[in-house]
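Shown next: target06.txt, given as compact mmCIF, C-alpha atoms.
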```txt
# COMPACT_ATOMS: atom_id res chain seq x y z
CA MET A 1 77.57 95.08 -126.50
CA GLU A 2 74.83 95.59 -123.97
CA MET A 3 76.05 96.25 -120.45
CA THR A 4 73.92 95.95 -117.35
CA VAL A 5 75.25 97.36 -114.10
CA ILE A 6 73.91 96.03 -110.87
CA ASN A 7 74.78 98.04 -107.82
CA GLN A 8 75.57 95.91 -104.81
CA PRO A 9 75.39 96.87 -101.14
CA THR A 10 78.74 98.34 -100.18
CA TYR A 11 81.06 96.28 -98.05
CA PRO A 12 83.92 98.15 -96.40
CA PRO A 13 86.64 98.47 -97.40
CA CYS A 14 85.37 97.61 -100.88
CA PRO A 15 83.08 100.56 -101.55
CA SER A 16 83.29 100.22 -105.31
CA ARG A 17 82.11 96.61 -105.56
CA ARG A 18 79.84 96.18 -108.54
CA ILE A 19 78.82 93.41 -110.84
CA PHE A 20 79.06 93.95 -114.57
CA LEU A 21 77.11 91.59 -116.77
CA LEU A 22 78.39 91.78 -120.32
CA SER A 23 75.69 90.21 -122.47
CA THR A 24 74.89 86.88 -120.83
CA VAL A 25 78.20 85.12 -120.75
CA THR A 26 80.76 87.37 -119.13
CA LEU A 27 80.71 88.10 -115.42
CA ALA A 28 83.30 90.39 -113.98
CA VAL A 29 83.35 91.48 -110.39
CA VAL A 30 85.20 94.73 -109.91
CA SER A 31 86.54 95.10 -106.46
CA SER A 32 89.53 96.28 -104.53
CA ALA A 33 90.96 93.37 -102.64
CA ALA A 34 90.85 93.65 -98.91
CA SER A 35 90.94 91.24 -96.08
CA ALA A 36 91.23 91.25 -92.35
CA HIS A 37 93.10 87.99 -92.48
CA HIS A 38 96.62 88.81 -93.57
CA SER A 39 98.72 91.57 -95.02
CA PHE A 40 98.71 92.21 -98.76
CA ALA A 41 102.38 93.02 -98.50
CA LEU A 42 102.99 89.44 -99.65
CA PHE A 43 102.12 90.61 -103.14
CA ASN A 44 103.58 93.13 -105.54
CA LYS A 45 100.53 95.25 -106.25
CA THR A 46 102.42 97.27 -108.87
CA LYS A 47 102.88 94.27 -111.18
CA GLN A 48 100.50 91.97 -113.01
CA VAL A 49 101.37 88.58 -114.48
CA SER A 50 99.15 86.59 -116.84
CA ILE A 51 99.30 82.82 -117.37
CA LYS A 52 97.28 80.18 -119.19
CA GLY A 53 96.65 76.78 -117.72
CA VAL A 54 94.25 74.28 -116.24
CA VAL A 55 92.60 74.54 -112.84
CA GLY A 56 94.22 71.80 -110.78
CA ARG A 57 92.49 72.60 -107.52
CA PHE A 58 89.87 75.07 -106.36
CA ASP A 59 89.31 75.76 -102.67
CA TRP A 60 86.04 77.55 -101.96
CA ALA A 61 86.83 78.13 -98.32
CA ASN A 62 87.88 80.77 -95.81
CA PRO A 63 89.98 82.65 -95.03
CA HIS A 64 90.73 82.91 -98.76
CA VAL A 65 89.22 81.34 -101.82
CA THR A 66 92.19 79.92 -103.72
CA VAL A 67 92.67 78.72 -107.29
CA TYR A 68 95.60 76.47 -108.16
CA VAL A 69 96.43 76.70 -111.85
CA ASP A 70 98.75 74.30 -113.65
CA ALA A 71 100.39 76.46 -116.29
CA GLU A 72 101.35 75.32 -119.74
CA GLY A 73 105.03 74.71 -120.42
CA LYS A 74 107.78 72.27 -119.67
CA PRO A 75 107.97 71.55 -116.87
CA ALA A 76 104.42 72.42 -115.92
CA GLN A 77 104.23 74.88 -113.03
CA ARG A 78 101.49 75.08 -110.43
CA TYR A 79 100.49 78.61 -109.39
CA LYS A 80 98.66 79.30 -106.13
CA ILE A 81 96.36 82.26 -106.72
CA GLU A 82 94.54 83.67 -103.73
CA THR A 83 91.54 85.97 -103.54
CA GLY A 84 88.95 87.09 -100.99
CA SER A 85 86.71 85.37 -98.47
CA THR A 86 83.74 83.27 -99.51
CA ASN A 87 81.57 85.87 -97.77
CA ALA A 88 82.78 88.84 -99.76
CA LEU A 89 83.02 86.97 -103.05
CA SER A 90 79.56 85.45 -102.86
CA ARG A 91 78.24 88.87 -102.05
CA SER A 92 79.95 90.15 -105.16
CA GLY A 93 78.42 87.55 -107.44
CA TRP A 94 80.80 84.58 -107.22
CA LYS A 95 79.45 81.08 -106.65
CA SER A 96 81.25 77.99 -105.41
CA ASP A 97 80.70 76.16 -108.71
CA LEU A 98 81.88 78.86 -111.08
CA ILE A 99 85.37 77.31 -111.20
CA LYS A 100 85.94 73.58 -111.54
CA VAL A 101 88.99 71.35 -111.62
CA GLY A 102 89.93 70.79 -115.24
CA ASP A 103 88.69 74.16 -116.46
CA LYS A 104 90.98 75.89 -118.93
CA ALA A 105 91.77 79.30 -117.48
CA GLU A 106 93.59 82.52 -118.24
CA VAL A 107 94.64 84.14 -115.00
CA THR A 108 96.03 87.57 -114.22
CA PHE A 109 97.45 88.20 -110.75
CA ASN A 110 99.72 90.39 -108.64
CA PRO A 111 102.77 88.16 -108.15
CA LEU A 112 104.32 87.19 -104.84
CA LYS A 113 107.23 89.42 -103.91
CA ASN A 114 109.35 86.38 -103.03
CA GLY A 115 109.18 85.01 -106.57
CA ASP A 116 107.26 81.85 -105.74
CA PRO A 117 104.67 80.89 -108.37
CA GLY A 118 101.52 82.50 -107.11
CA GLY A 119 99.87 85.72 -106.17
CA LEU A 120 96.72 87.70 -105.62
CA LEU A 121 93.98 87.25 -108.19
CA VAL A 122 93.20 90.17 -110.43
CA GLU A 123 91.08 88.33 -112.98
CA ILE A 124 90.38 84.80 -114.15
CA LYS A 125 88.81 83.94 -117.51
CA ILE A 126 87.19 80.56 -118.01
CA GLY A 127 85.46 80.17 -121.33
CA GLY A 128 83.35 83.29 -121.68
CA VAL A 129 83.22 83.99 -117.97
CA VAL A 130 85.48 86.58 -116.40
CA LEU A 131 85.76 86.81 -112.62
CA SER A 132 87.62 89.54 -110.81
CA GLY A 133 89.24 88.98 -107.47
CA GLY A 134 88.34 90.90 -104.42
CA GLY A 135 87.00 90.96 -100.92
CA MET B 1 42.88 124.82 -51.85
CA ALA B 2 40.35 123.52 -54.33
CA LYS B 3 42.76 124.39 -57.13
CA LEU B 4 45.57 122.50 -55.40
CA ALA B 5 43.35 119.43 -54.94
CA LEU B 6 42.52 119.52 -58.64
CA VAL B 7 46.21 119.66 -59.55
CA VAL B 8 46.99 116.71 -57.25
CA LEU B 9 44.10 114.72 -58.75
CA ALA B 10 45.27 115.49 -62.25
CA ALA B 11 48.82 114.50 -61.38
CA ALA B 12 47.58 111.23 -59.87
CA ALA B 13 45.55 110.49 -62.98
CA GLY B 14 48.55 111.19 -65.12
CA ALA B 15 50.65 108.88 -63.00
CA PHE B 16 48.03 106.15 -63.37
CA ILE B 17 48.07 106.47 -67.13
CA VAL B 18 51.83 106.22 -67.18
CA SER B 19 52.20 103.43 -64.67
CA GLY B 20 49.24 101.25 -65.57
CA CYS B 21 48.59 98.77 -62.73
CA GLY B 22 50.75 100.48 -60.17
CA LYS B 23 54.01 99.25 -61.68
CA PRO B 24 56.19 102.00 -63.15
CA ALA B 25 56.06 101.75 -66.89
CA GLU B 26 59.44 101.25 -68.53
CA ALA B 27 60.32 103.64 -71.29
CA LYS B 28 60.33 101.80 -74.59
CA LYS B 29 63.91 100.95 -75.49
CA PRO B 30 65.21 101.77 -78.94
CA ASP B 31 65.41 98.78 -81.25
CA ILE B 32 69.05 98.46 -82.22
CA SER B 33 68.63 94.88 -83.44
CA GLY B 34 69.54 94.03 -86.99
CA THR B 35 72.53 93.89 -89.29
CA TRP B 36 74.83 96.87 -89.35
CA GLU B 37 77.67 97.98 -91.59
CA ARG B 38 80.10 100.82 -91.11
CA THR B 39 79.53 104.13 -92.75
CA PRO B 40 80.82 106.14 -94.56
CA ASP B 41 81.99 103.55 -97.07
CA ASP B 42 85.57 104.82 -97.10
CA TRP B 43 85.97 104.58 -93.32
CA PHE B 44 88.84 102.11 -93.63
CA GLY B 45 91.03 104.35 -95.75
CA GLU B 46 92.84 103.56 -98.97
CA ASP B 47 95.31 100.89 -97.84
CA PRO B 48 93.91 97.60 -96.52
CA ASP B 49 97.15 97.09 -94.59
CA ARG B 50 97.07 100.48 -92.91
CA PRO B 51 93.63 101.20 -91.50
CA VAL B 52 92.90 104.73 -90.40
CA LEU B 53 93.20 105.07 -86.62
CA PRO B 54 89.64 106.06 -85.65
CA GLY B 55 90.71 108.42 -82.86
CA GLY B 56 93.98 109.61 -84.36
CA LYS B 57 97.25 108.81 -82.63
CA PRO B 58 96.74 107.55 -79.08
CA ALA B 59 98.53 109.42 -76.27
CA LEU B 60 100.78 106.54 -75.29
CA LYS B 61 103.01 106.69 -72.26
CA GLU B 62 106.58 105.46 -72.29
CA PRO B 63 107.81 102.82 -72.77
CA PHE B 64 104.66 101.92 -74.74
CA LEU B 65 105.11 104.74 -77.25
CA SER B 66 108.66 103.64 -78.09
CA GLN B 67 107.57 100.02 -78.28
CA TYR B 68 104.62 100.91 -80.54
CA THR B 69 106.84 103.04 -82.81
CA ALA B 70 109.42 100.26 -83.06
CA LEU B 71 106.71 97.71 -83.82
CA LYS B 72 105.26 99.83 -86.63
CA LYS B 73 108.72 100.13 -88.18
CA LYS B 74 109.28 96.38 -87.84
CA LEU B 75 105.92 95.71 -89.50
CA ALA B 76 106.64 98.17 -92.32
CA ASP B 77 110.08 96.67 -92.95
CA ALA B 78 108.61 93.17 -93.01
CA ASP B 79 105.89 94.30 -95.42
CA GLU B 80 108.49 95.85 -97.69
CA SER B 81 110.38 92.55 -97.78
CA GLY B 82 107.25 90.67 -98.83
CA ALA B 83 107.16 88.56 -95.66
CA PRO B 84 104.71 90.24 -93.25
CA ILE B 85 104.72 89.57 -89.52
CA ALA B 86 102.14 87.01 -88.40
CA THR B 87 99.17 88.54 -86.58
CA THR B 88 96.35 87.13 -84.51
CA SER B 89 94.13 87.49 -87.58
CA SER B 90 96.54 85.56 -89.80
CA LYS B 91 96.21 82.76 -87.23
CA CYS B 92 92.41 83.01 -87.43
CA LEU B 93 92.15 84.20 -83.82
CA PRO B 94 89.31 86.59 -82.98
CA GLU B 95 89.76 90.34 -83.31
CA GLY B 96 88.38 90.88 -79.81
CA MET B 97 87.40 94.19 -78.30
CA PRO B 98 87.21 96.89 -79.44
CA THR B 99 88.33 95.88 -82.96
CA MET B 100 85.29 93.63 -83.48
CA MET B 101 83.09 96.71 -83.25
CA THR B 102 84.95 98.38 -86.12
CA ALA B 103 82.98 95.91 -88.25
CA LEU B 104 85.30 95.29 -91.18
CA PHE B 105 82.74 92.60 -91.95
CA PRO B 106 79.10 93.29 -90.99
CA ILE B 107 77.85 92.78 -87.44
CA GLU B 108 74.43 91.72 -86.21
CA ILE B 109 72.86 92.85 -82.93
CA ILE B 110 70.22 90.83 -81.09
CA HIS B 111 68.82 91.99 -77.77
CA ASP B 112 66.20 91.38 -75.12
CA SER B 113 65.67 92.79 -71.64
CA LYS B 114 68.60 90.84 -70.16
CA LYS B 115 71.30 90.91 -72.78
CA VAL B 116 72.60 92.32 -76.01
CA VAL B 117 74.43 89.90 -78.30
CA VAL B 118 76.73 91.16 -81.03
CA LEU B 119 77.60 88.69 -83.78
CA GLY B 120 80.51 89.50 -86.05
CA GLU B 121 80.56 87.85 -89.46
CA TYR B 122 84.36 87.82 -89.53
CA LEU B 123 85.51 84.67 -87.75
CA GLN B 124 82.00 84.17 -86.35
CA GLN B 125 82.79 86.25 -83.29
CA VAL B 126 80.24 86.47 -80.48
CA ARG B 127 80.06 89.15 -77.85
CA ARG B 128 77.58 89.10 -74.95
CA ILE B 129 76.62 92.28 -73.12
CA LEU B 130 74.74 91.42 -69.93
CA LEU B 131 72.22 94.02 -68.75
CA THR B 132 71.08 92.65 -65.40
CA GLU B 133 74.29 91.39 -63.83
CA PRO B 134 77.07 93.35 -62.15
CA MET B 135 80.63 93.37 -63.46
CA PRO B 136 82.58 90.58 -61.74
CA PRO B 137 85.33 91.70 -59.36
CA LYS B 138 88.67 92.37 -61.04
CA ASP B 139 90.27 89.22 -59.63
CA LYS B 140 87.61 87.15 -61.40
CA LEU B 141 88.28 88.65 -64.84
CA ASP B 142 90.48 86.07 -66.51
CA PRO B 143 91.30 87.83 -69.79
CA MET B 144 89.20 87.05 -72.86
CA PHE B 145 89.25 88.31 -76.43
CA GLN B 146 85.88 90.05 -76.07
CA GLY B 147 86.34 90.74 -72.37
CA TYR B 148 83.43 91.09 -69.96
CA SER B 149 80.70 93.51 -70.99
CA ARG B 150 77.96 94.89 -68.75
CA GLY B 151 75.37 97.33 -70.05
CA ARG B 152 72.48 99.54 -69.00
CA TRP B 153 70.02 101.76 -70.77
CA GLU B 154 70.27 105.46 -69.96
CA GLY B 155 67.22 106.86 -71.73
CA ASP B 156 67.71 106.19 -75.42
CA THR B 157 71.37 105.26 -74.99
CA LEU B 158 72.84 101.83 -74.27
CA VAL B 159 75.91 102.33 -72.11
CA VAL B 160 78.32 99.40 -72.02
CA GLU B 161 81.49 98.95 -70.01
CA THR B 162 84.00 96.26 -70.93
CA LEU B 163 86.94 94.97 -68.88
CA GLY B 164 89.21 91.95 -68.89
CA ILE B 165 90.52 91.97 -72.46
CA ARG B 166 93.42 89.76 -73.52
CA PRO B 167 96.66 91.63 -74.26
CA GLU B 168 96.89 90.32 -77.82
CA ALA B 169 93.45 91.72 -78.71
CA LYS B 170 94.79 95.09 -79.87
CA LEU B 171 93.11 97.84 -81.82
CA TYR B 172 95.41 98.22 -84.84
CA ASP B 173 98.51 97.26 -82.82
CA ILE B 174 97.90 99.81 -80.04
CA PRO B 175 99.04 98.21 -76.77
CA HIS B 176 96.85 98.13 -73.69
CA GLY B 177 97.14 97.32 -70.01
CA LYS B 178 95.26 94.73 -68.01
CA ASP B 179 92.95 97.36 -66.51
CA MET B 180 91.87 98.94 -69.80
CA LYS B 181 88.22 99.97 -69.65
CA ILE B 182 86.16 100.48 -72.78
CA THR B 183 82.95 102.48 -72.44
CA GLU B 184 80.55 102.48 -75.35
CA ARG B 185 77.45 104.60 -75.80
CA PHE B 186 75.13 103.21 -78.48
CA ARG B 187 72.40 105.52 -79.76
CA LEU B 188 70.12 105.41 -82.78
CA LYS B 189 70.57 108.61 -84.76
CA ASP B 190 67.52 107.57 -86.76
CA ALA B 191 65.87 104.24 -87.55
CA ASP B 192 68.67 103.19 -89.89
CA HIS B 193 71.75 104.79 -88.39
CA LEU B 194 73.47 103.74 -85.19
CA GLU B 195 76.41 105.45 -83.51
CA ASN B 196 78.79 104.01 -80.97
CA GLN B 197 80.79 106.58 -79.02
CA ILE B 198 83.78 104.81 -77.53
CA VAL B 199 86.07 105.95 -74.73
CA ILE B 200 89.11 103.85 -73.83
CA GLU B 201 90.64 104.53 -70.43
CA ASP B 202 93.93 102.88 -69.66
CA PRO B 203 95.98 104.76 -67.05
CA GLU B 204 98.86 102.31 -67.26
CA VAL B 205 99.35 102.88 -71.00
CA LEU B 206 97.57 106.12 -71.99
CA ASN B 207 98.19 109.71 -70.89
CA ALA B 208 94.65 110.61 -71.93
CA ALA B 209 91.50 108.68 -72.78
CA TYR B 210 91.31 107.51 -76.41
CA ARG B 211 88.00 108.55 -77.94
CA PHE B 212 86.32 107.82 -81.25
CA THR B 213 82.89 107.24 -82.73
CA LEU B 214 81.90 104.37 -84.99
CA ASP B 215 78.92 105.01 -87.26
CA TYR B 216 76.86 102.17 -88.69
CA LYS B 217 74.09 101.97 -91.27
CA ARG B 218 71.33 99.36 -91.21
CA SER B 219 71.73 96.62 -93.82
CA ASP B 220 69.48 93.95 -95.28
CA TYR B 221 72.51 91.69 -95.79
CA LYS B 222 72.11 88.21 -94.34
CA ILE B 223 75.25 87.37 -92.43
CA GLN B 224 76.93 84.16 -93.56
CA GLU B 225 79.09 81.70 -91.70
CA TYR B 226 82.83 82.25 -91.68
CA VAL B 227 84.83 79.18 -90.75
CA CYS B 228 88.58 79.70 -91.03
CA GLU B 229 89.09 76.10 -92.13
CA ASN B 230 91.63 76.45 -94.89
CA ASN B 231 94.40 78.65 -93.55
CA THR B 232 97.24 77.60 -95.84
CA LEU B 233 99.68 80.33 -94.81
CA GLU B 234 103.22 79.30 -93.98
CA PHE B 235 104.20 80.42 -90.45
CA ARG B 236 107.94 80.82 -90.19
CA SER B 237 110.17 80.50 -87.15
CA ASP B 238 111.13 84.20 -87.44
CA GLY B 239 107.51 85.21 -86.85
CA LYS B 240 106.81 86.06 -90.48
CA ILE B 241 104.35 84.53 -92.92
CA GLY B 242 104.47 83.33 -96.48
CA LEU B 243 101.67 82.31 -98.80
CA GLY B 244 102.88 78.72 -98.58
CA ARG B 245 102.62 76.05 -101.24
CA LYS B 246 99.88 73.90 -99.74
```

Could you express the structure from this file as C-alpha cells?
Amino acid sequence: MEMTVINQPTYPPCPSRRIFLLSTVTLAVVSSAASAHHSFALFNKTKQVSIKGVVGRFDWANPHVTVYVDAEGKPAQRYKIETGSTNALSRSGWKSDLIKVGDKAEVTFNPLKNGDPGGLLVEIKIGGVVLSGGG
Amino acid sequence: MAKLALVVLAAAAGAFIVSGCGKPAEAKKPDISGTWERTPDDWFGEDPDRPVLPGGKPALKEPFLSQYTALKKKLADADESGAPIATTSSKCLPEGMPTMMTALFPIEIIHDSKKVVVLGEYLQQVRRILLTEPMPPKDKLDPMFQGYSRGRWEGDTLVVETLGIRPEAKLYDIPHGKDMKITERFRLKDADHLENQIVIEDPEVLNAAYRFTLDYKRSDYKIQEYVCENNTLEFRSDGKIGLGRK
C-alpha cells in the first residue's frame, strides 16, 4: 500500500504530529494528546478499550472535540469520548464534517479511571477513514 | 586649528545625515511582529500534566514553600484517584501572566510605536504592552489576569515590566504576592528566532528572583479562534472534576 507522509508544523507539546495518508481512503493523525484545559489524570493511559457503535452526537467545539458513541448491546450504552481542541485537530488534518451523527464507528480509547462509559480518544474508524485523537 | 575645524565640520555633517531635518533619527526597531511558537519542540516535557518548570524550582519562602509542597501532593493524589482538582484552565479562565507567554498554543505579536499587543490562541487571550505611558501607581493596579504591562525599547531589546497580576494567575501552581514584578527582555536572535528573558521578583514570596528564558520560532501558522463554549466537565463540591455525562 502506498504511504504518503506529510510533515506538519510542530505544535508543542505534540512534536510528533504527522498526517499519514494510506492510499486515498484512510486518514490517521498520529499525535500525543495534550491540552492546557484539564488534567489527563481522568483517564487510564495504560489501558485501551475498543467498542463498536453509532455516532449519536458529535461536538466540534472547544475546549475538547467530543464524540458520543452509542454502543451495540442490550441495553445500548452511550460512551463520551473526548479528544483535543478544534485548533490542534484541524491543524492535524481533522475537519468538522469528518464525523456525522449516524455514522457507524469503531472507537478505541483510554477509559475513564472512575469506570464511567467514556474516555480519551485513541482512534476512531468510520468506513475507511481512521482518525487518531490528539491535541 | 584648521584640522580641528575640519573635524567639527565633518562631525556636523555626520550629525545632519543621521538626524535628517534636525530631529534626532530613531534607531529602527526590530520587527518582532508575527506568529511565534515555542522551541525546542520538547520544551513542555513528556507529561502534559507535569510541565517542566522553566527556571527550575523557585526559591520559595515559608510558609509558601510548605503550602506549595502540600498543594503538589494534593494534586498528585487527586490525579491518582482519577478525579483531578479543578484549575482556572478547566474553568476556561485565562492563563494570565506569565503563563500566557509560555505559549502552549501559538502567540501572535502586533506592534506599533505606542503599543505591543500579544494575542494568545489559547482562550483568545489578549495582552497589551503600552510603550508611551507610565505604570499606574500601585494603588491603581486592581489585579488582572494579564496585569499591567509597560514597555520601552533599549536598543534592539524590548524591555517590559508587568505588575498587578491576579493571585490565581499562577505559573504552574507557583504562588505569588500582590507586588510580584515580571521583567521581560525580548530580543530577536535572528529574523526567525525570538527570545524572552524573564525575571520574576517577588520579595514577599521568593528568596531570590526566579529567572528563565523562553525561546520562540517564527511560524506561518494562522491563529484560529478559540471559544471555550462547550465545557462539559462536571465540577464537584469537593473541588474536583469529572468528565461529566453531558

task = Tell me, as a PyMOL selection string, which residues lie within 7 Å of Thr86 of chain A, counting all atoms listed in the file; anything in the same chain fewer than 3 positions away does not count.
result = chain A and resi 60-62+65+89-90

message = Need the shell around segment 191-205 of chain B: protein/DNA/RNA residues with any atom at most 7 Å away, counting only C-alpha atoms. Skip same-chain ones fewer than 6 positions apart. Format as a list of chain:residue names?
response =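 These residues fall inside the cut-off: B:Leu60, B:Lys61, B:Phe64, B:His176, B:Gly177, B:Asp179, B:Met180, B:Lys181, B:Ile182, B:Thr183, B:Glu184, B:Arg185, B:Arg211, B:Phe212, B:Thr213, B:Leu214, B:Asp215, B:Tyr216, B:Lys217, B:Arg218.
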
key: Distance-based interface of chain B with chain A, 6 Å, counting only C-alpha atoms, as a ChimeraX atom specification   = /B:41,44,48-49,79,82-83,89-90,228,230

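One distance worth recording is that between atom CA of Thr108 of chain A and atom CA of Gly93 of chain A, which is 18.9 Å.
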
ask   = Closest to Glu123 of chain A among A:Gly102, A:Arg57, A:Val67, A:Glu72, using only C-alpha atoms?
value =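 When distances to Glu123 of chain A are compared using only C-alpha atoms, the smallest one comes from A:Val67.
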
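Straight-line separation from atom CA of Gly134 of chain A to atom CA of Leu71 of chain B: 28.4 Å.
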
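Interatomic distance, atom CA of Gly120 of chain B against atom CA of Pro30 of chain B: 20.9 Å.
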
Fewer than 5 positions away in the same chain doesn't count, so skip those; otherwise give me all residues within 6 Å of Lys52 of chain A, counting all atoms listed in the file, as a CSV table (one decimal) with C-alpha atoms, keeping the file's coordinate frame.
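And here is the file that came out, around03.csv:
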```csv
chain,number,residue,atom,x,y,z
A,71,ALA,CA,100.4,76.5,-116.3
A,105,ALA,CA,91.8,79.3,-117.5
A,106,GLU,CA,93.6,82.5,-118.2
```

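In this comparison, which uses all atoms listed in the file, the residue of B:Glu229, B:Glu154, B:Glu108, B:Glu121 approaching Glu95 of chain B most closely is B:Glu121.
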
Size and centre in Å, one decimal, axis-aligned box, all listed segment 57-74 of chain A atoms plus 4 Å per side, as JSON:
```
{"center_x": 96.9, "center_y": 77.6, "center_z": -107.7, "size_x": 29.7, "size_y": 18.6, "size_z": 33.4}
```

List the spatial neighbours of Lys246 of chain B as an mmCIF file with C-alpha atoms, in the frame of the given file - criterion: any atom at most 9 Å away, all atoms listed in the file, same-chain residues fewer than 4 positions off excluded.
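Output saved as result21.cif:
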```cif
data_model
loop_
_atom_site.group_PDB
_atom_site.id
_atom_site.type_symbol
_atom_site.label_atom_id
_atom_site.label_comp_id
_atom_site.auth_asym_id
_atom_site.auth_seq_id
_atom_site.Cartn_x
_atom_site.Cartn_y
_atom_site.Cartn_z
ATOM 1 C CA LYS A 80 98.660 79.300 -106.130
ATOM 2 C CA THR B 232 97.240 77.600 -95.840
ATOM 3 C CA LEU B 233 99.680 80.330 -94.810
ATOM 4 C CA GLU B 234 103.220 79.300 -93.980
#
```

Residue with smallest distance to Glu62 of chain B - pool B:Thr87, B:Asn207, B:Gln224, B:Thr157, counting all atoms listed in the file = B:Asn207
